Every structure is written in C-alpha cells, then in structure tokens.
$ cat coords18.txt   # compact mmCIF, N, CA and C atoms
# COMPACT_ATOMS: atom_id res chain seq x y z
N MET P 30 4.10 4.71 -3.67
CA MET P 30 3.05 5.46 -4.31
C MET P 30 2.32 4.56 -5.31
N ILE P 31 0.99 4.70 -5.32
CA ILE P 31 0.15 4.03 -6.31
C ILE P 31 -0.70 5.09 -6.99
N TYR P 32 -1.39 4.70 -8.05
CA TYR P 32 -2.25 5.64 -8.75
C TYR P 32 -3.71 5.27 -8.50
N MET P 33 -4.48 6.28 -8.07
CA MET P 33 -5.88 6.11 -7.72
C MET P 33 -6.75 6.59 -8.87
N PRO P 34 -7.68 5.73 -9.35
CA PRO P 34 -8.61 6.22 -10.36
C PRO P 34 -9.57 7.25 -9.75
N LEU P 35 -9.78 8.33 -10.46
CA LEU P 35 -10.74 9.34 -10.03
C LEU P 35 -12.06 9.03 -10.71
N VAL P 36 -13.15 9.26 -10.02
CA VAL P 36 -14.48 8.99 -10.58
C VAL P 36 -15.17 10.30 -10.93
N ALA P 37 -16.11 10.21 -11.86
CA ALA P 37 -16.92 11.35 -12.30
C ALA P 37 -16.09 12.43 -12.97
N GLU P 38 -15.05 12.04 -13.69
CA GLU P 38 -14.20 13.00 -14.38
C GLU P 38 -14.52 13.08 -15.87
N GLY P 39 -15.26 12.12 -16.41
CA GLY P 39 -15.59 12.12 -17.82
C GLY P 39 -14.60 11.34 -18.67
N THR P 40 -13.34 11.32 -18.27
CA THR P 40 -12.31 10.53 -18.93
C THR P 40 -11.49 9.83 -17.85
N ASP P 41 -10.63 8.92 -18.26
CA ASP P 41 -9.78 8.24 -17.28
C ASP P 41 -8.80 9.24 -16.68
N CYS P 42 -8.88 9.41 -15.36
CA CYS P 42 -7.98 10.31 -14.63
C CYS P 42 -7.42 9.55 -13.44
N TRP P 43 -6.17 9.85 -13.09
CA TRP P 43 -5.47 9.15 -12.02
C TRP P 43 -4.79 10.15 -11.10
N ARG P 44 -4.77 9.85 -9.83
CA ARG P 44 -4.10 10.68 -8.82
C ARG P 44 -3.04 9.82 -8.16
N PRO P 45 -1.77 10.30 -8.12
CA PRO P 45 -0.77 9.57 -7.34
C PRO P 45 -1.09 9.74 -5.85
N VAL P 46 -1.14 8.63 -5.12
CA VAL P 46 -1.44 8.68 -3.68
C VAL P 46 -0.43 7.83 -2.92
N GLN P 47 -0.24 8.17 -1.67
CA GLN P 47 0.64 7.40 -0.81
C GLN P 47 -0.08 6.13 -0.37
N ALA P 48 0.68 5.04 -0.28
CA ALA P 48 0.11 3.76 0.15
C ALA P 48 1.20 2.91 0.77
N VAL P 49 0.81 2.04 1.66
CA VAL P 49 1.73 1.11 2.31
C VAL P 49 1.52 -0.26 1.68
N GLN P 50 2.59 -0.89 1.26
CA GLN P 50 2.49 -2.20 0.64
C GLN P 50 2.25 -3.26 1.71
N ILE P 51 1.19 -4.05 1.52
CA ILE P 51 0.81 -5.12 2.45
C ILE P 51 1.33 -6.46 1.95
N SER P 52 1.20 -6.71 0.65
CA SER P 52 1.73 -7.93 0.02
C SER P 52 2.11 -7.56 -1.41
N ASP P 53 2.42 -8.56 -2.24
CA ASP P 53 2.89 -8.28 -3.59
C ASP P 53 2.01 -7.29 -4.35
N ASP P 54 0.70 -7.50 -4.33
CA ASP P 54 -0.18 -6.64 -5.12
C ASP P 54 -1.23 -5.90 -4.30
N VAL P 55 -1.11 -5.95 -2.96
CA VAL P 55 -2.09 -5.30 -2.09
C VAL P 55 -1.43 -4.15 -1.34
N PHE P 56 -2.12 -3.00 -1.37
CA PHE P 56 -1.64 -1.79 -0.72
C PHE P 56 -2.75 -1.20 0.14
N GLU P 57 -2.36 -0.53 1.23
CA GLU P 57 -3.32 0.20 2.05
C GLU P 57 -3.15 1.68 1.76
N VAL P 58 -4.24 2.31 1.31
CA VAL P 58 -4.22 3.71 0.92
C VAL P 58 -4.09 4.59 2.16
N THR P 59 -3.18 5.56 2.12
CA THR P 59 -3.01 6.51 3.22
C THR P 59 -3.36 7.90 2.73
N GLY P 60 -3.39 8.84 3.62
CA GLY P 60 -3.69 10.22 3.23
C GLY P 60 -5.17 10.50 3.22
N HIS P 61 -5.53 11.60 2.60
CA HIS P 61 -6.93 12.01 2.55
C HIS P 61 -7.29 12.46 1.14
N ILE P 62 -8.58 12.49 0.86
CA ILE P 62 -9.07 12.88 -0.46
C ILE P 62 -9.12 14.41 -0.52
N PRO P 63 -8.42 15.00 -1.48
CA PRO P 63 -8.48 16.46 -1.61
C PRO P 63 -9.89 16.94 -1.93
N ALA P 64 -10.21 18.15 -1.49
CA ALA P 64 -11.52 18.73 -1.77
C ALA P 64 -11.76 18.76 -3.27
N GLY P 65 -12.96 18.40 -3.67
CA GLY P 65 -13.33 18.44 -5.07
C GLY P 65 -13.01 17.18 -5.85
N GLU P 66 -12.38 16.19 -5.20
CA GLU P 66 -12.07 14.92 -5.89
C GLU P 66 -12.93 13.80 -5.34
N SER P 67 -13.14 12.79 -6.18
CA SER P 67 -13.81 11.56 -5.77
C SER P 67 -12.91 10.40 -6.18
N TRP P 68 -12.44 9.65 -5.19
CA TRP P 68 -11.58 8.51 -5.46
C TRP P 68 -12.43 7.25 -5.59
N ALA P 69 -11.95 6.31 -6.38
CA ALA P 69 -12.62 5.02 -6.52
C ALA P 69 -12.55 4.22 -5.22
N PHE P 70 -11.49 4.44 -4.42
CA PHE P 70 -11.30 3.71 -3.17
C PHE P 70 -10.86 4.71 -2.11
N GLY P 71 -11.47 4.66 -0.94
CA GLY P 71 -11.20 5.65 0.09
C GLY P 71 -9.93 5.42 0.87
N PRO P 72 -9.51 6.44 1.65
CA PRO P 72 -8.36 6.30 2.53
C PRO P 72 -8.54 5.11 3.48
N ASN P 73 -7.46 4.46 3.80
CA ASN P 73 -7.41 3.28 4.69
C ASN P 73 -7.94 2.02 4.04
N SER P 74 -8.38 2.08 2.79
CA SER P 74 -8.83 0.89 2.08
C SER P 74 -7.63 0.05 1.68
N ARG P 75 -7.85 -1.24 1.65
CA ARG P 75 -6.86 -2.15 1.07
C ARG P 75 -7.28 -2.41 -0.36
N VAL P 76 -6.35 -2.13 -1.28
CA VAL P 76 -6.67 -2.26 -2.70
C VAL P 76 -5.65 -3.15 -3.39
N ARG P 77 -6.13 -3.80 -4.42
CA ARG P 77 -5.25 -4.61 -5.28
C ARG P 77 -4.79 -3.69 -6.40
N CYS P 78 -3.49 -3.78 -6.73
CA CYS P 78 -2.90 -2.93 -7.77
C CYS P 78 -2.25 -3.80 -8.84
N ARG P 79 -2.19 -3.23 -10.04
CA ARG P 79 -1.49 -3.90 -11.14
C ARG P 79 -0.80 -2.82 -11.97
N SER P 80 0.17 -3.26 -12.74
CA SER P 80 0.91 -2.34 -13.59
C SER P 80 -0.03 -1.77 -14.65
N HIS P 81 0.11 -0.47 -14.88
CA HIS P 81 -0.75 0.21 -15.84
C HIS P 81 0.10 1.19 -16.65
N VAL P 82 -0.11 1.23 -17.96
CA VAL P 82 0.57 2.20 -18.81
C VAL P 82 -0.42 3.33 -19.06
N PHE P 83 -0.02 4.54 -18.66
CA PHE P 83 -0.88 5.71 -18.78
C PHE P 83 -0.76 6.32 -20.17
N ILE P 84 -1.66 7.23 -20.48
CA ILE P 84 -1.73 7.81 -21.81
C ILE P 84 -0.44 8.52 -22.23
N ASN P 85 0.34 8.99 -21.24
CA ASN P 85 1.60 9.67 -21.56
C ASN P 85 2.76 8.68 -21.77
N GLY P 86 2.46 7.39 -21.69
CA GLY P 86 3.47 6.36 -21.91
C GLY P 86 4.18 5.90 -20.65
N GLU P 87 4.02 6.62 -19.55
CA GLU P 87 4.63 6.21 -18.29
C GLU P 87 3.81 5.09 -17.68
N SER P 88 4.46 4.29 -16.82
CA SER P 88 3.73 3.20 -16.17
C SER P 88 3.84 3.33 -14.66
N GLY P 89 2.91 2.70 -13.97
CA GLY P 89 2.89 2.71 -12.52
C GLY P 89 1.88 1.70 -12.03
N LEU P 90 1.81 1.55 -10.72
CA LEU P 90 0.84 0.63 -10.12
C LEU P 90 -0.48 1.36 -9.91
N ALA P 91 -1.54 0.83 -10.49
CA ALA P 91 -2.86 1.45 -10.39
C ALA P 91 -3.81 0.55 -9.60
N ALA P 92 -4.56 1.17 -8.70
CA ALA P 92 -5.57 0.44 -7.92
C ALA P 92 -6.73 0.07 -8.84
N PHE P 93 -7.21 -1.19 -8.71
CA PHE P 93 -8.32 -1.59 -9.57
C PHE P 93 -9.44 -2.32 -8.84
N GLU P 94 -9.21 -2.80 -7.59
CA GLU P 94 -10.29 -3.43 -6.84
C GLU P 94 -9.94 -3.48 -5.37
N TYR P 95 -10.99 -3.62 -4.54
CA TYR P 95 -10.77 -3.78 -3.11
C TYR P 95 -10.07 -5.10 -2.83
N ALA P 96 -9.31 -5.16 -1.75
CA ALA P 96 -8.60 -6.39 -1.37
C ALA P 96 -8.86 -6.73 0.09
N VAL P 97 -10.02 -6.41 0.58
CA VAL P 97 -10.35 -6.66 1.98
C VAL P 97 -10.32 -8.15 2.31
N GLU P 98 -10.46 -9.01 1.30
CA GLU P 98 -10.48 -10.45 1.57
C GLU P 98 -9.18 -10.95 2.18
N ARG P 99 -8.11 -10.16 2.12
CA ARG P 99 -6.84 -10.55 2.75
C ARG P 99 -6.79 -10.17 4.22
N ASP P 100 -7.74 -9.39 4.68
CA ASP P 100 -7.78 -8.97 6.08
C ASP P 100 -8.25 -10.16 6.92
N PRO P 101 -7.47 -10.58 7.92
CA PRO P 101 -7.87 -11.75 8.73
C PRO P 101 -9.19 -11.54 9.47
N ASN P 102 -9.49 -10.31 9.87
CA ASN P 102 -10.77 -10.06 10.55
C ASN P 102 -11.94 -10.22 9.57
N TYR P 103 -11.75 -9.80 8.34
CA TYR P 103 -12.78 -10.01 7.32
C TYR P 103 -13.01 -11.50 7.11
N GLN P 104 -11.94 -12.26 6.99
CA GLN P 104 -12.07 -13.69 6.77
C GLN P 104 -12.84 -14.36 7.90
N LEU P 105 -12.50 -14.00 9.13
CA LEU P 105 -13.15 -14.61 10.29
C LEU P 105 -14.64 -14.23 10.35
N LEU P 106 -14.93 -12.95 10.26
CA LEU P 106 -16.32 -12.51 10.39
C LEU P 106 -17.20 -12.97 9.23
N SER P 107 -16.65 -12.97 8.01
CA SER P 107 -17.48 -13.37 6.87
C SER P 107 -17.84 -14.85 6.91
N LYS P 108 -17.03 -15.66 7.57
CA LYS P 108 -17.33 -17.09 7.69
C LYS P 108 -18.27 -17.39 8.85
N HIS P 109 -18.49 -16.38 9.70
CA HIS P 109 -19.29 -16.62 10.91
C HIS P 109 -20.34 -15.53 11.15
N GLU P 110 -21.03 -15.13 10.07
CA GLU P 110 -22.14 -14.20 10.26
C GLU P 110 -23.16 -14.83 11.20
N ARG P 111 -23.84 -13.99 11.95
CA ARG P 111 -24.86 -14.38 12.93
C ARG P 111 -24.27 -14.96 14.21
N GLU P 112 -22.95 -14.87 14.36
CA GLU P 112 -22.32 -15.34 15.59
C GLU P 112 -21.85 -14.17 16.44
N VAL P 113 -21.49 -14.46 17.68
CA VAL P 113 -21.12 -13.43 18.66
C VAL P 113 -19.60 -13.37 18.80
N PHE P 114 -19.07 -12.13 18.83
CA PHE P 114 -17.63 -11.89 18.91
C PHE P 114 -17.32 -10.81 19.94
N ARG P 115 -16.13 -10.90 20.50
CA ARG P 115 -15.57 -9.84 21.34
C ARG P 115 -14.63 -9.05 20.43
N ILE P 116 -14.88 -7.74 20.31
CA ILE P 116 -14.14 -6.90 19.38
C ILE P 116 -13.49 -5.75 20.13
N ARG P 117 -12.25 -5.45 19.75
CA ARG P 117 -11.57 -4.27 20.28
C ARG P 117 -11.34 -3.31 19.11
N PHE P 118 -11.81 -2.07 19.27
CA PHE P 118 -11.69 -1.05 18.24
C PHE P 118 -10.43 -0.21 18.47
N ALA P 119 -9.97 0.45 17.43
CA ALA P 119 -8.77 1.27 17.50
C ALA P 119 -8.90 2.42 18.50
N ASP P 120 -10.12 2.88 18.77
CA ASP P 120 -10.31 3.98 19.72
C ASP P 120 -10.36 3.52 21.17
N GLY P 121 -10.14 2.21 21.40
CA GLY P 121 -10.12 1.68 22.76
C GLY P 121 -11.41 1.00 23.20
N GLU P 122 -12.47 1.18 22.46
CA GLU P 122 -13.73 0.53 22.82
C GLU P 122 -13.58 -0.98 22.69
N GLU P 123 -14.11 -1.69 23.68
CA GLU P 123 -14.21 -3.15 23.62
C GLU P 123 -15.69 -3.49 23.69
N ALA P 124 -16.13 -4.37 22.81
CA ALA P 124 -17.55 -4.66 22.73
C ALA P 124 -17.78 -6.14 22.44
N VAL P 125 -18.94 -6.61 22.86
CA VAL P 125 -19.43 -7.93 22.47
C VAL P 125 -20.56 -7.65 21.49
N VAL P 126 -20.44 -8.25 20.30
CA VAL P 126 -21.38 -7.95 19.22
C VAL P 126 -21.86 -9.23 18.55
N LYS P 127 -23.03 -9.14 17.94
CA LYS P 127 -23.51 -10.22 17.08
C LYS P 127 -23.41 -9.69 15.65
N VAL P 128 -22.62 -10.35 14.83
CA VAL P 128 -22.39 -9.92 13.45
C VAL P 128 -23.61 -10.29 12.61
N LEU P 129 -24.18 -9.28 11.96
CA LEU P 129 -25.37 -9.49 11.13
C LEU P 129 -25.03 -9.66 9.66
N HIS P 130 -24.08 -8.86 9.18
CA HIS P 130 -23.74 -8.90 7.75
C HIS P 130 -22.32 -8.37 7.56
N VAL P 131 -21.57 -9.02 6.67
CA VAL P 131 -20.21 -8.60 6.33
C VAL P 131 -20.23 -8.16 4.88
N ASP P 132 -19.71 -6.96 4.61
CA ASP P 132 -19.77 -6.36 3.28
C ASP P 132 -18.35 -6.08 2.78
N GLY P 133 -17.85 -6.93 1.89
CA GLY P 133 -16.52 -6.75 1.34
C GLY P 133 -16.40 -5.54 0.46
N ARG P 134 -17.42 -5.21 -0.27
CA ARG P 134 -17.38 -4.06 -1.18
C ARG P 134 -17.16 -2.75 -0.42
N ASN P 135 -17.86 -2.59 0.70
CA ASN P 135 -17.73 -1.37 1.50
C ASN P 135 -16.73 -1.51 2.64
N GLU P 136 -16.10 -2.67 2.73
CA GLU P 136 -15.08 -2.95 3.75
C GLU P 136 -15.61 -2.69 5.17
N ASP P 137 -16.85 -3.11 5.41
CA ASP P 137 -17.42 -2.93 6.73
C ASP P 137 -18.32 -4.10 7.10
N PHE P 138 -18.85 -4.05 8.32
CA PHE P 138 -19.78 -5.08 8.76
C PHE P 138 -20.84 -4.44 9.63
N VAL P 139 -22.02 -5.05 9.64
CA VAL P 139 -23.16 -4.58 10.42
C VAL P 139 -23.32 -5.52 11.60
N TYR P 140 -23.61 -4.94 12.77
CA TYR P 140 -23.72 -5.78 13.96
C TYR P 140 -24.71 -5.21 14.96
N ASP P 141 -25.22 -6.09 15.83
CA ASP P 141 -25.99 -5.70 17.00
C ASP P 141 -25.02 -5.59 18.16
N LEU P 142 -25.12 -4.52 18.92
CA LEU P 142 -24.28 -4.33 20.09
C LEU P 142 -24.90 -5.03 21.29
N ILE P 143 -24.14 -5.96 21.89
CA ILE P 143 -24.62 -6.68 23.06
C ILE P 143 -24.14 -5.96 24.33
N SER P 144 -22.85 -5.63 24.35
CA SER P 144 -22.31 -4.87 25.48
C SER P 144 -21.06 -4.12 25.03
N SER P 145 -20.70 -3.08 25.80
CA SER P 145 -19.55 -2.26 25.44
C SER P 145 -18.98 -1.60 26.69
N ASN P 146 -17.69 -1.28 26.66
CA ASN P 146 -17.08 -0.54 27.76
C ASN P 146 -17.16 0.96 27.51
N SER P 147 -17.89 1.37 26.48
CA SER P 147 -18.00 2.78 26.09
C SER P 147 -19.47 3.15 25.97
N ASP P 148 -19.78 4.41 26.31
CA ASP P 148 -21.17 4.84 26.16
C ASP P 148 -21.40 5.60 24.85
N SER P 149 -20.36 5.66 24.01
CA SER P 149 -20.53 6.35 22.72
C SER P 149 -21.25 5.44 21.74
N ASN P 150 -21.88 6.05 20.79
CA ASN P 150 -22.56 5.27 19.76
C ASN P 150 -22.11 5.74 18.38
N HIS P 151 -20.83 6.04 18.23
CA HIS P 151 -20.32 6.59 16.98
C HIS P 151 -20.32 5.58 15.84
N TYR P 152 -20.53 4.33 16.11
CA TYR P 152 -20.61 3.35 15.04
C TYR P 152 -22.05 3.08 14.60
N ARG P 153 -23.03 3.72 15.25
CA ARG P 153 -24.43 3.49 14.89
C ARG P 153 -24.67 3.95 13.46
N ASP P 154 -25.49 3.20 12.75
CA ASP P 154 -25.81 3.52 11.36
C ASP P 154 -26.88 4.62 11.33
N ARG P 155 -26.44 5.85 11.51
CA ARG P 155 -27.37 6.97 11.58
C ARG P 155 -28.02 7.26 10.23
N ALA P 156 -27.32 7.00 9.14
CA ALA P 156 -27.84 7.31 7.81
C ALA P 156 -29.15 6.58 7.54
N ARG P 157 -29.26 5.37 8.01
CA ARG P 157 -30.48 4.60 7.78
C ARG P 157 -31.39 4.60 8.99
N LYS P 158 -31.00 5.36 10.02
CA LYS P 158 -31.76 5.44 11.26
C LYS P 158 -32.09 4.06 11.79
N ALA P 159 -31.13 3.18 11.70
CA ALA P 159 -31.32 1.79 12.12
C ALA P 159 -30.79 1.61 13.55
N ASN P 160 -31.22 0.54 14.17
CA ASN P 160 -30.71 0.20 15.49
C ASN P 160 -29.38 -0.52 15.40
N ALA P 161 -29.03 -0.98 14.22
CA ALA P 161 -27.79 -1.70 14.03
C ALA P 161 -26.61 -0.73 13.99
N TYR P 162 -25.42 -1.29 14.15
CA TYR P 162 -24.18 -0.53 14.10
C TYR P 162 -23.38 -0.99 12.89
N VAL P 163 -22.51 -0.10 12.40
CA VAL P 163 -21.65 -0.41 11.26
C VAL P 163 -20.24 0.02 11.61
N ALA P 164 -19.26 -0.84 11.32
CA ALA P 164 -17.85 -0.50 11.55
C ALA P 164 -17.02 -0.95 10.36
N LYS P 165 -15.99 -0.20 10.08
CA LYS P 165 -15.03 -0.53 9.02
C LYS P 165 -14.00 -1.52 9.59
N PHE P 166 -13.49 -2.38 8.73
CA PHE P 166 -12.44 -3.31 9.17
C PHE P 166 -11.20 -2.56 9.60
N THR P 167 -10.96 -1.37 9.04
CA THR P 167 -9.79 -0.58 9.44
C THR P 167 -9.93 -0.05 10.86
N ASP P 168 -11.15 -0.08 11.45
CA ASP P 168 -11.35 0.38 12.83
C ASP P 168 -11.03 -0.70 13.86
N LEU P 169 -10.78 -1.93 13.40
CA LEU P 169 -10.60 -3.06 14.33
C LEU P 169 -9.16 -3.27 14.72
N VAL P 170 -8.96 -3.63 15.99
CA VAL P 170 -7.66 -4.03 16.49
C VAL P 170 -7.63 -5.56 16.66
N SER P 171 -8.71 -6.11 17.22
CA SER P 171 -8.76 -7.57 17.37
C SER P 171 -10.21 -8.05 17.37
N VAL P 172 -10.36 -9.32 16.98
CA VAL P 172 -11.67 -9.98 16.92
C VAL P 172 -11.48 -11.37 17.46
N GLN P 173 -12.31 -11.75 18.45
CA GLN P 173 -12.25 -13.08 19.03
C GLN P 173 -13.65 -13.65 19.14
N PRO P 174 -13.84 -14.92 18.75
CA PRO P 174 -15.17 -15.54 18.97
C PRO P 174 -15.50 -15.53 20.45
N GLU P 175 -16.74 -15.27 20.77
CA GLU P 175 -17.19 -15.23 22.15
C GLU P 175 -17.86 -16.55 22.48
N GLY P 176 -17.51 -17.08 23.61
CA GLY P 176 -18.21 -18.29 24.01
C GLY P 176 -17.39 -19.47 24.29
$ encode --input "coords18.txt" --output "structure tokens"
Amino acid sequence: MIYMPLVAEGTDCWRPVQAVQISDDVFEVTGHIPAGESWAFGPNSRVRCRSHVFINGESGLAAFEYAVERDPNYQLLSKHEREVFRIRFADGEEAVVKVLHVDGRNEDFVYDLISSNSDSNHYRDRARKANAYVAKFTDLVSVQPEG
C-alpha cells in the first residue's frame, strides 16, 4: 500500500491505495479512483514514492512523481521519435506505427497508424479530433523497431 495525494481538496489529503512494487522506490498503482475523488496519479501509473510523515504523526510511502522513465518501452520510444515500430497491445492488436511524440508526464505516446490486425480505432485521439492515435505505455505488451 502507498498513499496517493488527492487534488482539489484545499488541504493536503492522502488516500491509501493498493500498488505493486516495481523497484525500490517505484510502484504501479492498482485499483480504481472512487467517485468524487481526484488522484494526482491515475490507476496503472508507475509512480516514485518516498517516506512521508503525515499530520497525525504516522509515516508511509507517498507517491510524489511519475516514474515512467523506468519503463523499457518508454525508453525505447522516447529515444526514437519519428521512427517506425511494430507494437503489440494488451488487447491483442498488433500494429505498425510511426511514433510522433512521447509524453512522460501523461505516460503515453502519439503515433500515426501504418497498419493493424484490428479494425477498431479505440486509440484514436477523439478529444482533439485528430488523425493521430494515442496509447498509454500500460497498454503495451511489446515494442520492436521495424525495418
């Protein structure tokens, strides 16, 4: 268990959440956000934690920043923006994509879809009505350079 900072509460507030330890100070957040709460880091995020003493005097591990830089897929894609990769997603989709931008803060990347074994477009960036696609690093199973 780690402690998640809540946002928009007016004062420092923390929620105990389940997490899987990835390394000494990196945890992957599990579970879901309860209705009416806003977490600083979403479910499935990899976060860096440190010891924190709370106002009641108790201590625990508190999330304080994203830790996506430890994800090997993040490392590979961020070093090779504008290149083509063969990607396998957790839902079974396999695609050839051109990586346009890697975003560590949002733990995702933007890409052009070259080909896919699926006719779904659930990764399309509908919010911006763009032709590009967006996927979270947590959605990836494997990434291989194409070519």
$ residues_around --input "coords18.txt" --residues "stretch 49-61 of chain P" --least-positions-apart "4" --cutoff "6.5 Å" --atoms "only N, CA and C atoms" --output "PyMOL selection string"
chain P and resi 71-79
$ closest_residue --input "coords18.txt" --among "P:Val170, P:Ser147, P:Glu38, P:Gly86" --to "P:Ala119" --atoms "only N, CA and C atoms"
P:Val170
$ atom_distance --input "coords18.txt" --atom1 "atom CA of P:Ala48" --atom2 "atom CA of P:Leu106"
25.3 Å
$ atom_distance --input "coords18.txt" --atom1 "atom C of P:Ala161" --atom2 "atom N of P:Tyr95"
24.4 Å
$ closest_residue --input "coords18.txt" --among "P:Val113, P:Val126, P:Leu142, P:Ala92" --to "P:Met33" --atoms "all atoms listed in the file"
P:Ala92
$ select_by_dssp --input "coords18.txt" --residues "stretch 66-148 of chain P" --states "strand (DSSP E or B)" --output "MDAnalysis selection string"
chainID P and resid 68 75:82 88:95 113:118 123:132 137:145
$ closest_residue --input "coords18.txt" --among "P:Trp68, P:Ile31, P:Arg99, P:Val125" --to "P:Glu175" --atoms "all atoms listed in the file"
P:Val125
$ closest_residue --input "coords18.txt" --among "P:Val97, P:Val82, P:Val172, P:Val46" --to "P:Arg134" --atoms "only C-alpha atoms"
P:Val97
$ residues_around --input "coords18.txt" --residues "P:Glu110" --least-positions-apart "3" --cutoff "7 Å" --atoms "all atoms listed in the file" --output "JSON, numbers by chain"
{"P": [105, 106, 107, 113, 127, 128, 129, 130, 131]}
$ select_by_dssp --input "coords18.txt" --residues "stretch 46-143 of chain P" --states "alpha helix (DSSP H)" --output "ChimeraX atom specification"
/P:101-108
$ decode --input "coords18.txt" --residues "stretch 101-122 of chain P" --atoms "N, CA and C atoms" --output "mmCIF file, in the first residue's frame"
data_model
loop_
_atom_site.group_PDB
_atom_site.id
_atom_site.type_symbol
_atom_site.label_atom_id
_atom_site.label_comp_id
_atom_site.auth_asym_id
_atom_site.auth_seq_id
_atom_site.Cartn_x
_atom_site.Cartn_y
_atom_site.Cartn_z
ATOM 1 N N PRO P 101 10.806 0.146 -20.013
ATOM 2 C CA PRO P 101 11.688 -0.056 -21.174
ATOM 3 C C PRO P 101 11.070 0.409 -22.491
ATOM 4 N N ASN P 102 9.747 0.315 -22.625
ATOM 5 C CA ASN P 102 9.098 0.798 -23.851
ATOM 6 C C ASN P 102 9.182 2.318 -23.944
ATOM 7 N N TYR P 103 9.051 2.997 -22.826
ATOM 8 C CA TYR P 103 9.209 4.451 -22.803
ATOM 9 C C TYR P 103 10.628 4.822 -23.231
ATOM 10 N N GLN P 104 11.608 4.135 -22.677
ATOM 11 C CA GLN P 104 13.000 4.434 -23.005
ATOM 12 C C GLN P 104 13.259 4.269 -24.498
ATOM 13 N N LEU P 105 12.765 3.176 -25.058
ATOM 14 C CA LEU P 105 12.987 2.901 -26.476
ATOM 15 C C LEU P 105 12.294 3.942 -27.359
ATOM 16 N N LEU P 106 11.014 4.175 -27.120
ATOM 17 C CA LEU P 106 10.268 5.095 -27.977
ATOM 18 C C LEU P 106 10.730 6.540 -27.830
ATOM 19 N N SER P 107 11.069 6.956 -26.616
ATOM 20 C CA SER P 107 11.487 8.352 -26.434
ATOM 21 C C SER P 107 12.820 8.645 -27.118
ATOM 22 N N LYS P 108 13.656 7.634 -27.300
ATOM 23 C CA LYS P 108 14.936 7.827 -27.985
ATOM 24 C C LYS P 108 14.799 7.755 -29.505
ATOM 25 N N HIS P 109 13.624 7.308 -29.967
ATOM 26 C CA HIS P 109 13.457 7.089 -31.405
ATOM 27 C C HIS P 109 12.144 7.661 -31.938
ATOM 28 N N GLU P 110 11.804 8.884 -31.498
ATOM 29 C CA GLU P 110 10.636 9.542 -32.073
ATOM 30 C C GLU P 110 10.849 9.682 -33.575
ATOM 31 N N ARG P 111 9.752 9.650 -34.308
ATOM 32 C CA ARG P 111 9.728 9.763 -35.772
ATOM 33 C C ARG P 111 10.169 8.479 -36.478
ATOM 34 N N GLU P 112 10.348 7.403 -35.723
ATOM 35 C CA GLU P 112 10.712 6.130 -36.326
ATOM 36 C C GLU P 112 9.531 5.166 -36.306
ATOM 37 N N VAL P 113 9.658 4.075 -37.049
ATOM 38 C CA VAL P 113 8.576 3.105 -37.215
ATOM 39 C C VAL P 113 8.820 1.889 -36.330
ATOM 40 N N PHE P 114 7.738 1.424 -35.664
ATOM 41 C CA PHE P 114 7.811 0.298 -34.735
ATOM 42 C C PHE P 114 6.658 -0.665 -34.964
ATOM 43 N N ARG P 115 6.897 -1.921 -34.637
ATOM 44 C CA ARG P 115 5.846 -2.938 -34.581
ATOM 45 C C ARG P 115 5.468 -3.054 -33.100
ATOM 46 N N ILE P 116 4.180 -2.835 -32.808
ATOM 47 C CA ILE P 116 3.706 -2.789 -31.430
ATOM 48 C C ILE P 116 2.608 -3.817 -31.221
ATOM 49 N N ARG P 117 2.663 -4.489 -30.077
ATOM 50 C CA ARG P 117 1.580 -5.392 -29.681
ATOM 51 C C ARG P 117 0.932 -4.810 -28.430
ATOM 52 N N PHE P 118 -0.393 -4.618 -28.494
ATOM 53 C CA PHE P 118 -1.155 -4.057 -27.389
ATOM 54 C C PHE P 118 -1.727 -5.172 -26.512
ATOM 55 N N ALA P 119 -2.070 -4.834 -25.290
ATOM 56 C CA ALA P 119 -2.603 -5.798 -24.337
ATOM 57 C C ALA P 119 -3.912 -6.420 -24.812
ATOM 58 N N ASP P 120 -4.671 -5.718 -25.654
ATOM 59 C CA ASP P 120 -5.944 -6.257 -26.140
ATOM 60 C C ASP P 120 -5.779 -7.182 -27.341
ATOM 61 N N GLY P 121 -4.521 -7.452 -27.742
ATOM 62 C CA GLY P 121 -4.262 -8.361 -28.853
ATOM 63 C C GLY P 121 -3.978 -7.678 -30.179
ATOM 64 N N GLU P 122 -4.242 -6.409 -30.275
ATOM 65 C CA GLU P 122 -3.960 -5.697 -31.523
ATOM 66 C C GLU P 122 -2.456 -5.654 -31.764
#
